[in-house]
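Data block for structure_22.pdb (PDB, C-alpha atoms):
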```
ATOM      1  CA  MET A   1     -18.432   6.893  22.294
ATOM      2  CA  THR A   2     -17.212   6.313  18.769
ATOM      3  CA  THR A   3     -13.888   7.719  17.604
ATOM      4  CA  LEU A   4     -12.326   7.495  14.163
ATOM      5  CA  TYR A   5      -9.088   9.100  12.929
ATOM      6  CA  VAL A   6      -8.462  10.216   9.350
ATOM      7  CA  LEU A   7      -5.194  11.750   8.134
ATOM      8  CA  ASP A   8      -5.560  15.294   6.807
ATOM      9  CA  VAL A   9      -4.317  15.023   3.220
ATOM     10  CA  PRO A  10      -6.093  16.558   0.206
ATOM     11  CA  GLU A  11      -7.733  13.282  -0.871
ATOM     12  CA  ASN A  12      -9.288  12.712   2.584
ATOM     13  CA  THR A  13     -10.881  16.106   3.225
ATOM     14  CA  GLY A  14     -14.158  14.913   1.661
ATOM     15  CA  VAL A  15     -14.360  12.145   4.272
ATOM     16  CA  ALA A  16     -14.199  14.626   7.167
ATOM     17  CA  LYS A  17     -16.562  17.049   5.398
ATOM     18  CA  VAL A  18     -19.259  14.426   4.824
ATOM     19  CA  ALA A  19     -18.868  13.115   8.393
ATOM     20  CA  ALA A  20     -19.394  16.631   9.767
ATOM     21  CA  GLU A  21     -22.723  16.999   7.916
ATOM     22  CA  ASP A  22     -24.314  14.686  10.490
ATOM     23  CA  PRO A  23     -25.273  16.946  13.433
ATOM     24  CA  ALA A  24     -24.608  14.073  15.840
ATOM     25  CA  VAL A  25     -20.972  13.884  14.682
ATOM     26  CA  SER A  26     -18.126  16.197  15.738
ATOM     27  CA  VAL A  27     -14.980  16.670  13.697
ATOM     28  CA  GLY A  28     -11.988  17.971  15.623
ATOM     29  CA  ARG A  29      -8.252  17.702  15.135
ATOM     30  CA  ILE A  30      -5.307  16.067  16.820
ATOM     31  CA  GLY A  31      -2.054  17.002  15.108
ATOM     32  CA  PRO A  32      -2.446  16.365  11.383
ATOM     33  CA  TYR A  33      -5.442  14.036  11.893
ATOM     34  CA  PHE A  34      -9.177  14.627  11.850
ATOM     35  CA  GLU A  35     -10.693  13.215  15.032
ATOM     36  CA  ILE A  36     -14.261  12.219  14.166
ATOM     37  CA  THR A  37     -16.434  11.443  17.196
ATOM     38  CA  ALA A  38     -20.047  10.685  18.058
ATOM     39  CA  SER A  39     -21.910   9.185  20.988
ATOM     40  CA  GLY A  40     -23.479   6.641  18.640
ATOM     41  CA  ALA A  41     -22.616   5.373  15.179
ATOM     42  CA  ILE A  42     -20.694   7.337  12.540
ATOM     43  CA  THR A  43     -21.779   6.645   8.949
ATOM     44  CA  ILE A  44     -20.004   8.158   5.941
ATOM     45  CA  ASP A  45     -21.387   7.702   2.416
ATOM     46  CA  ARG A  46     -18.539   7.016  -0.020
ATOM     47  CA  ARG A  47     -20.138   8.596  -3.086
ATOM     48  CA  ALA A  48     -20.809  11.813  -1.154
ATOM     49  CA  THR A  49     -17.099  12.043  -0.255
ATOM     50  CA  GLY A  50     -16.011  11.877  -3.899
ATOM     51  CA  CYS A  51     -13.391   9.260  -2.961
ATOM     52  CA  ARG A  52     -12.582   6.538  -5.436
ATOM     53  CA  HIS A  53     -11.627   3.132  -4.153
ATOM     54  CA  ALA A  54      -7.861   3.367  -3.501
ATOM     55  CA  VAL A  55      -8.242   6.404  -1.240
ATOM     56  CA  TRP A  56     -11.511   5.196   0.296
ATOM     57  CA  TYR A  57     -10.064   1.926   1.529
ATOM     58  CA  SER A  58      -6.949   3.596   2.960
ATOM     59  CA  ALA A  59      -8.657   6.612   4.554
ATOM     60  CA  VAL A  60      -9.036   5.098   8.036
ATOM     61  CA  ALA A  61      -5.934   5.893  10.103
ATOM     62  CA  GLY A  62      -7.178   4.646  13.461
ATOM     63  CA  VAL A  63     -10.255   3.456  15.344
ATOM     64  CA  ALA A  64     -10.386   3.833  19.137
ATOM     65  CA  ARG A  65     -10.562   0.648  21.221
ATOM     66  CA  ASP A  66     -14.126   1.380  22.305
ATOM     67  CA  SER A  67     -15.256   1.545  18.652
ATOM     68  CA  ARG A  68     -15.378  -0.896  15.780
ATOM     69  CA  ILE A  69     -15.852  -0.794  12.017
ATOM     70  CA  THR A  70     -19.088  -2.582  11.104
ATOM     71  CA  GLN A  71     -19.129  -1.621   7.419
ATOM     72  CA  HIS A  72     -16.381  -0.494   5.025
ATOM     73  CA  ASP A  73     -17.399  -1.238   1.472
ATOM     74  CA  LYS A  74     -18.041   0.596  -1.773
ATOM     75  CA  ASN A  75     -21.139   2.234  -0.311
ATOM     76  CA  ALA A  76     -20.224   3.435   3.147
ATOM     77  CA  LEU A  77     -17.954   3.426   6.179
ATOM     78  CA  ARG A  78     -19.760   2.753   9.449
ATOM     79  CA  VAL A  79     -18.110   2.820  12.871
ATOM     80  CA  GLU A  80     -20.078   1.957  15.988
ATOM     81  CA  PRO A  81     -19.492   1.713  19.722
ATOM     82  CA  ALA A  82     -17.801  -1.643  20.344
TER      83      ALA A  82
ATOM     84  CA  MET B   1      45.130 -39.464   3.453
ATOM     85  CA  ALA B   2      42.989 -39.548   0.320
ATOM     86  CA  LYS B   3      42.685 -36.332  -1.520
ATOM     87  CA  LEU B   4      39.117 -35.044  -1.617
ATOM     88  CA  ASP B   5      37.819 -35.092  -5.155
ATOM     89  CA  HIS B   6      35.795 -32.343  -6.640
ATOM     90  CA  ARG B   7      32.096 -33.096  -6.525
ATOM     91  CA  VAL B   8      30.768 -30.000  -8.222
ATOM     92  CA  LYS B   9      28.955 -30.620 -11.490
ATOM     93  CA  GLY B  10      29.146 -27.213 -13.071
ATOM     94  CA  VAL B  11      27.210 -24.006 -13.049
ATOM     95  CA  ASP B  12      23.752 -24.243 -11.539
ATOM     96  CA  HIS B  13      22.715 -20.668 -11.843
ATOM     97  CA  ALA B  14      24.212 -17.287 -12.346
ATOM     98  CA  ALA B  15      22.952 -14.188 -10.659
ATOM     99  CA  PHE B  16      23.876 -11.095 -12.584
ATOM    100  CA  PRO B  17      24.510  -8.822  -9.719
ATOM    101  CA  ILE B  18      23.693  -6.241  -9.665
ATOM    102  CA  PHE B  19      22.076  -3.715 -11.989
ATOM    103  CA  ASP B  20      22.011  -0.126 -10.859
ATOM    104  CA  ILE B  21      18.475   1.169 -11.341
ATOM    105  CA  GLY B  22      19.288   4.671 -10.160
ATOM    106  CA  ASN B  23      19.418   6.496  -6.827
ATOM    107  CA  ASP B  24      21.733   3.828  -5.356
ATOM    108  CA  ASP B  25      19.023   1.183  -5.820
ATOM    109  CA  ARG B  26      19.945  -2.131  -7.396
ATOM    110  CA  ILE B  27      18.099  -5.145  -8.714
ATOM    111  CA  ALA B  28      19.387  -8.703  -9.225
ATOM    112  CA  PHE B  29      18.210 -11.028 -11.957
ATOM    113  CA  PHE B  30      18.704 -14.808 -11.866
ATOM    114  CA  TYR B  31      19.139 -16.906 -14.963
ATOM    115  CA  TYR B  32      18.940 -20.719 -14.844
ATOM    116  CA  PHE B  33      20.708 -22.195 -17.880
ATOM    117  CA  GLY B  34      18.693 -24.707 -19.835
ATOM    118  CA  THR B  35      15.443 -24.191 -17.952
ATOM    119  CA  GLU B  36      12.385 -23.847 -20.133
ATOM    120  CA  PRO B  37       9.206 -22.163 -18.895
ATOM    121  CA  LEU B  38       7.428 -24.811 -16.835
ATOM    122  CA  ASN B  39       4.110 -23.272 -15.932
ATOM    123  CA  GLN B  40       1.395 -23.440 -18.550
ATOM    124  CA  THR B  41      -1.517 -22.855 -16.164
ATOM    125  CA  GLY B  42      -1.794 -19.122 -16.723
ATOM    126  CA  ARG B  43      -1.782 -18.513 -12.921
ATOM    127  CA  GLY B  44       1.634 -17.484 -11.684
ATOM    128  CA  ASP B  45       4.841 -16.758 -13.562
ATOM    129  CA  ALA B  46       6.731 -18.621 -16.278
ATOM    130  CA  TYR B  47       8.151 -21.156 -13.797
ATOM    131  CA  ALA B  48       5.867 -21.321 -10.785
ATOM    132  CA  ALA B  49       2.113 -21.938 -10.718
ATOM    133  CA  PHE B  50      -0.439 -20.998  -8.108
ATOM    134  CA  GLY B  51      -3.274 -23.381  -7.354
ATOM    135  CA  PRO B  52      -6.931 -22.404  -7.371
ATOM    136  CA  GLU B  53      -6.800 -21.902  -3.588
ATOM    137  CA  VAL B  54      -4.541 -18.833  -3.946
ATOM    138  CA  PRO B  55      -6.567 -15.611  -4.278
ATOM    139  CA  THR B  56      -5.933 -13.453  -7.348
ATOM    140  CA  TYR B  57      -5.242 -10.384  -5.187
ATOM    141  CA  PHE B  58      -2.316 -12.263  -3.625
ATOM    142  CA  ILE B  59      -0.886 -13.205  -7.020
ATOM    143  CA  ARG B  60      -1.158  -9.583  -8.168
ATOM    144  CA  SER B  61       0.484  -8.346  -4.977
ATOM    145  CA  ARG B  62       3.761  -9.953  -6.071
ATOM    146  CA  HIS B  63       5.342  -7.285  -8.229
ATOM    147  CA  LEU B  64       8.161  -4.795  -8.486
ATOM    148  CA  ALA B  65       7.274  -1.086  -8.664
ATOM    149  CA  ILE B  66       9.809   1.479  -9.838
ATOM    150  CA  HIS B  67       9.039   5.172  -9.654
ATOM    151  CA  VAL B  68       9.725   7.900 -12.184
ATOM    152  CA  ASP B  69       9.590  11.650 -11.668
ATOM    153  CA  GLY B  70       6.563  12.614 -13.695
ATOM    154  CA  TYR B  71       4.020  12.057 -16.435
ATOM    155  CA  GLU B  72       6.476  12.670 -19.278
ATOM    156  CA  ASP B  73       8.852   9.971 -18.023
ATOM    157  CA  LEU B  74       5.980   7.566 -17.425
ATOM    158  CA  MET B  75       4.764   8.066 -20.995
ATOM    159  CA  GLU B  76       8.295   7.570 -22.340
ATOM    160  CA  TYR B  77       8.405   4.150 -20.623
ATOM    161  CA  ARG B  78       4.929   3.424 -21.969
ATOM    162  CA  ARG B  79       6.183   4.211 -25.497
ATOM    163  CA  ARG B  80       9.257   1.966 -25.081
ATOM    164  CA  LEU B  81       7.257  -0.923 -23.663
ATOM    165  CA  ASP B  82       4.558  -0.627 -26.319
ATOM    166  CA  ASP B  83       7.313  -0.860 -28.958
ATOM    167  CA  SER B  84       8.657  -4.045 -27.303
ATOM    168  CA  GLN B  85       7.399  -7.593 -26.923
ATOM    169  CA  TRP B  86       6.018  -6.608 -23.500
ATOM    170  CA  PRO B  87       3.477  -3.852 -24.158
ATOM    171  CA  VAL B  88       1.697  -2.046 -21.330
ATOM    172  CA  GLU B  89      -1.266  -4.096 -20.110
ATOM    173  CA  MET B  90      -2.863  -1.470 -17.873
ATOM    174  CA  GLN B  91      -2.491   2.234 -17.158
ATOM    175  CA  ILE B  92      -4.272   3.245 -13.961
ATOM    176  CA  GLN B  93      -4.604   6.442 -11.927
ATOM    177  CA  HIS B  94      -4.954   5.291  -8.304
ATOM    178  CA  GLU B  95      -5.858   8.846  -7.205
ATOM    179  CA  THR B  96      -2.469   9.576  -5.621
ATOM    180  CA  ILE B  97      -0.259   7.687  -8.100
ATOM    181  CA  GLU B  98      -0.450   6.766 -11.778
ATOM    182  CA  SER B  99       1.030   3.470 -12.930
ATOM    183  CA  ILE B 100       1.659   1.348 -15.999
ATOM    184  CA  TYR B 101       1.981  -2.424 -15.755
ATOM    185  CA  THR B 102       3.393  -5.222 -17.814
ATOM    186  CA  HIS B 103       4.803  -8.700 -17.246
ATOM    187  CA  ASP B 104       8.498  -9.313 -17.849
ATOM    188  CA  PRO B 105       9.764 -12.326 -19.843
ATOM    189  CA  ASN B 106       9.654 -14.454 -16.662
ATOM    190  CA  GLY B 107       6.023 -13.563 -16.132
ATOM    191  CA  TYR B 108       6.695 -11.292 -13.152
ATOM    192  CA  MET B 109       4.509  -8.223 -12.959
ATOM    193  CA  VAL B 110       6.409  -4.949 -13.205
ATOM    194  CA  GLU B 111       4.924  -1.541 -12.406
ATOM    195  CA  ILE B 112       6.311   1.871 -13.281
ATOM    196  CA  THR B 113       4.683   4.630 -11.277
ATOM    197  CA  ARG B 114       4.660   8.385 -10.750
ATOM    198  CA  ALA B 115       3.255  10.345  -7.823
ATOM    199  CA  MET B 116       0.359  12.685  -8.655
ATOM    200  CA  ARG B 117       1.560  15.031  -5.902
ATOM    201  CA  PRO B 118       4.547  15.176  -3.505
ATOM    202  CA  VAL B 119       4.381  13.088  -0.320
ATOM    203  CA  THR B 120       3.394  15.329   2.619
ATOM    204  CA  PRO B 121       5.207  15.352   5.997
ATOM    205  CA  GLN B 122       2.077  14.047   7.756
ATOM    206  CA  GLU B 123       2.107  10.995   5.484
ATOM    207  CA  ASP B 124       5.604  10.174   6.754
ATOM    208  CA  LEU B 125       4.305  10.448  10.332
ATOM    209  CA  ASP B 126       1.330   8.263   9.468
ATOM    210  CA  ALA B 127       3.549   5.633   7.846
ATOM    211  CA  ASN B 128       5.760   5.539  10.957
ATOM    212  CA  LEU B 129       2.756   5.190  13.265
ATOM    213  CA  THR B 130       1.425   2.372  11.084
ATOM    214  CA  ILE B 131       4.709   0.466  11.275
ATOM    215  CA  ASP B 132       5.006   0.979  15.034
ATOM    216  CA  ALA B 133       1.401  -0.160  15.544
ATOM    217  CA  LEU B 134       1.968  -3.179  13.313
ATOM    218  CA  LEU B 135       5.097  -4.219  15.236
ATOM    219  CA  ASP B 136       3.141  -3.986  18.501
ATOM    220  CA  VAL B 137       0.186  -5.966  17.159
ATOM    221  CA  VAL B 138       2.169  -8.819  15.619
ATOM    222  CA  THR B 139       3.857  -9.543  18.956
ATOM    223  CA  GLU B 140       0.410 -10.287  20.442
ATOM    224  CA  PRO B 141      -1.812 -13.287  19.700
ATOM    225  CA  ASP B 142      -4.212 -13.173  16.739
ATOM    226  CA  PRO B 143      -3.102  -9.973  15.003
ATOM    227  CA  SER B 144      -5.858  -8.329  12.916
ATOM    228  CA  LEU B 145      -6.624  -5.132  11.051
ATOM    229  CA  ALA B 146      -9.016  -4.088  13.837
ATOM    230  CA  LYS B 147      -6.226  -4.469  16.436
ATOM    231  CA  LEU B 148      -3.817  -2.551  14.194
ATOM    232  CA  LEU B 149      -6.270   0.368  13.860
ATOM    233  CA  ALA B 150      -6.940   0.354  17.628
ATOM    234  CA  ARG B 151      -3.216   0.467  18.423
ATOM    235  CA  LYS B 152      -2.692   3.166  15.823
ATOM    236  CA  ALA B 153      -5.469   5.264  17.371
ATOM    237  CA  GLU B 154      -3.544   5.116  20.675
ATOM    238  CA  LEU B 155      -0.313   6.174  18.971
ATOM    239  CA  ILE B 156      -2.125   9.071  17.244
ATOM    240  CA  VAL B 157      -3.375  10.275  20.636
ATOM    241  CA  GLU B 158       0.117   9.885  22.159
ATOM    242  CA  ARG B 159       2.177  11.471  19.415
ATOM    243  CA  ALA B 160       0.271  13.408  16.740
ATOM    244  CA  ALA B 161      -0.274  16.690  18.603
ATOM    245  CA  GLN B 162       3.347  16.815  19.758
ATOM    246  CA  TRP B 163       4.554  16.049  16.220
ATOM    247  CA  GLU B 164       2.650  19.060  14.893
ATOM    248  CA  LEU B 165       3.964  21.334  17.651
ATOM    249  CA  GLU B 166       7.539  20.331  16.914
ATOM    250  CA  ARG B 167       7.012  20.918  13.220
ATOM    251  CA  THR B 168       5.391  24.318  13.440
ATOM    252  CA  GLY B 169       7.542  25.543  16.330
ATOM    253  CA  PRO B 170       6.485  27.734  19.262
TER     254      PRO B 170
END
```

Output the file's structure in the form of structure tokens.
Amino acid sequence: MTTLYVLDVPENTGVAKVAAEDPAVSVGRIGPYFEITASGAITIDRRATGCRHAVWYSAVAGVARDSRITQHDKNALRVEPA
Amino acid sequence: MAKLDHRVKGVDHAAFPIFDIGNDDRIAFFYYFGTEPLNQTGRGDAYAAFGPEVPTYFIRSRHLAIHVDGYEDLMEYRRRLDDSQWPVEMQIQHETIESIYTHDPNGYMVEITRAMRPVTPQEDLDANLTIDALLDVVTEPDPSLAKLLARKAELIVERAAQWELERTGP
């Protein structure tokens, strides 16, 4: 299981929207956070989100202990089972 | 018993405490008489140099940021600085804030910034969870960003739903 949390603020909605386009990924909510989950890897393309760099690099609020970030650069964010 | 003589040699430095910069915030400046700028390397400030081993992002992280209410005020400070010996070096929109930057006469970077939108209540929650997670992580061996994000995920699960309930009411 892969779980990623993103705070719901206007600049981050593109991140959740692009994540949800992958049918293997579910986007739920816990309080004011998007809870983005998948059984395998979650990959989010930065350009598709419309995020520029300051927001992109601060969009990750939390990553569950059984998951790890394997890519977070100008192209994509990738979180995989640890 | 011999009288103790005075050993002081005179003024070493004077702090000019303390300038009010508004909203009960204050800033202190230090002035060392007779000290000329010592650093000619171009890396650091007028008095202190950084060696080649210090990353540029660390040097740039050392700055003072003061906020103003809006675009008009930011542009007024831009106009004043551009008329001075310390013109604005950069004006950047960082998506959520817009800032102008210059270096003061001591070579310290100064930023004046305005928010592009008000801070939301959930950002205050998120900031508090970040600090709490950070305090937990730094008490353990080998703190890292990955450990911070893992601890924060736990705090989100523990507290975020309840926070929203308390905010929106029954």

Expand the ChimeraX specification (/B :<6) & /A into the individual residues it matches in the shown file, reporting them as a ChimeraX atom specification. /A:30-31,54,62-65

Which of these residues is nearest to Asn106 of chain B, using only C-alpha atoms: B:Trp86, B:Glu72, B:Arg78, B:Ser61?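 Closest to Asn106 of chain B, using only C-alpha atoms: B:Trp86.
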
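The space separating atom CA of Glu80 of chain A from atom CA of Met1 of chain A comes to 8.2 Å.
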
Please expand the PyMOL selection byres ((chain A and resi 20) around 12) into the concrete residues it hits in this file, giving the result as a VMD selection string. chain A and resid 13 to 19 21 to 28 34 to 38 42 to 45 49

Interatomic distance (Å, one decimal) between atom CA of Arg62 of chain B and atom CA of Ala115 of chain B: 20.4 Å

Point-to-point distance from atom CA of Ser99 of chain B to atom CA of Asp82 of chain B, Å rounded to tenths: 14.4 Å

With the PyMOL selection byres ((chain A and resi 6) around 7) as the selection, what would be picked from this file? Answer as a ChimeraX atom specification, please. /A:4-5,7-8,33-35,59-61

Please list as a count of residues only every residue within 10 Å of segment 70-72 of chain A, counting all atoms listed in the file and excluding residues in the same chain fewer than 2 positions away. 19

Contacts of Ala65 of chain B at 8 Å or less, counting all atoms listed in the file, minus same-chain residues fewer than 6 places along, as a list in words? Val110, Glu111, Ile112 and Thr113 of chain B

Compile the contact shell of segment 37-45 of chain B as an MDAnalysis selection string: residues with an atom at most 9 Å away, counting all atoms listed in the file, same-chain residues fewer than 4 positions apart removed. chainID B and resid 49:52 56 59 103 106:109
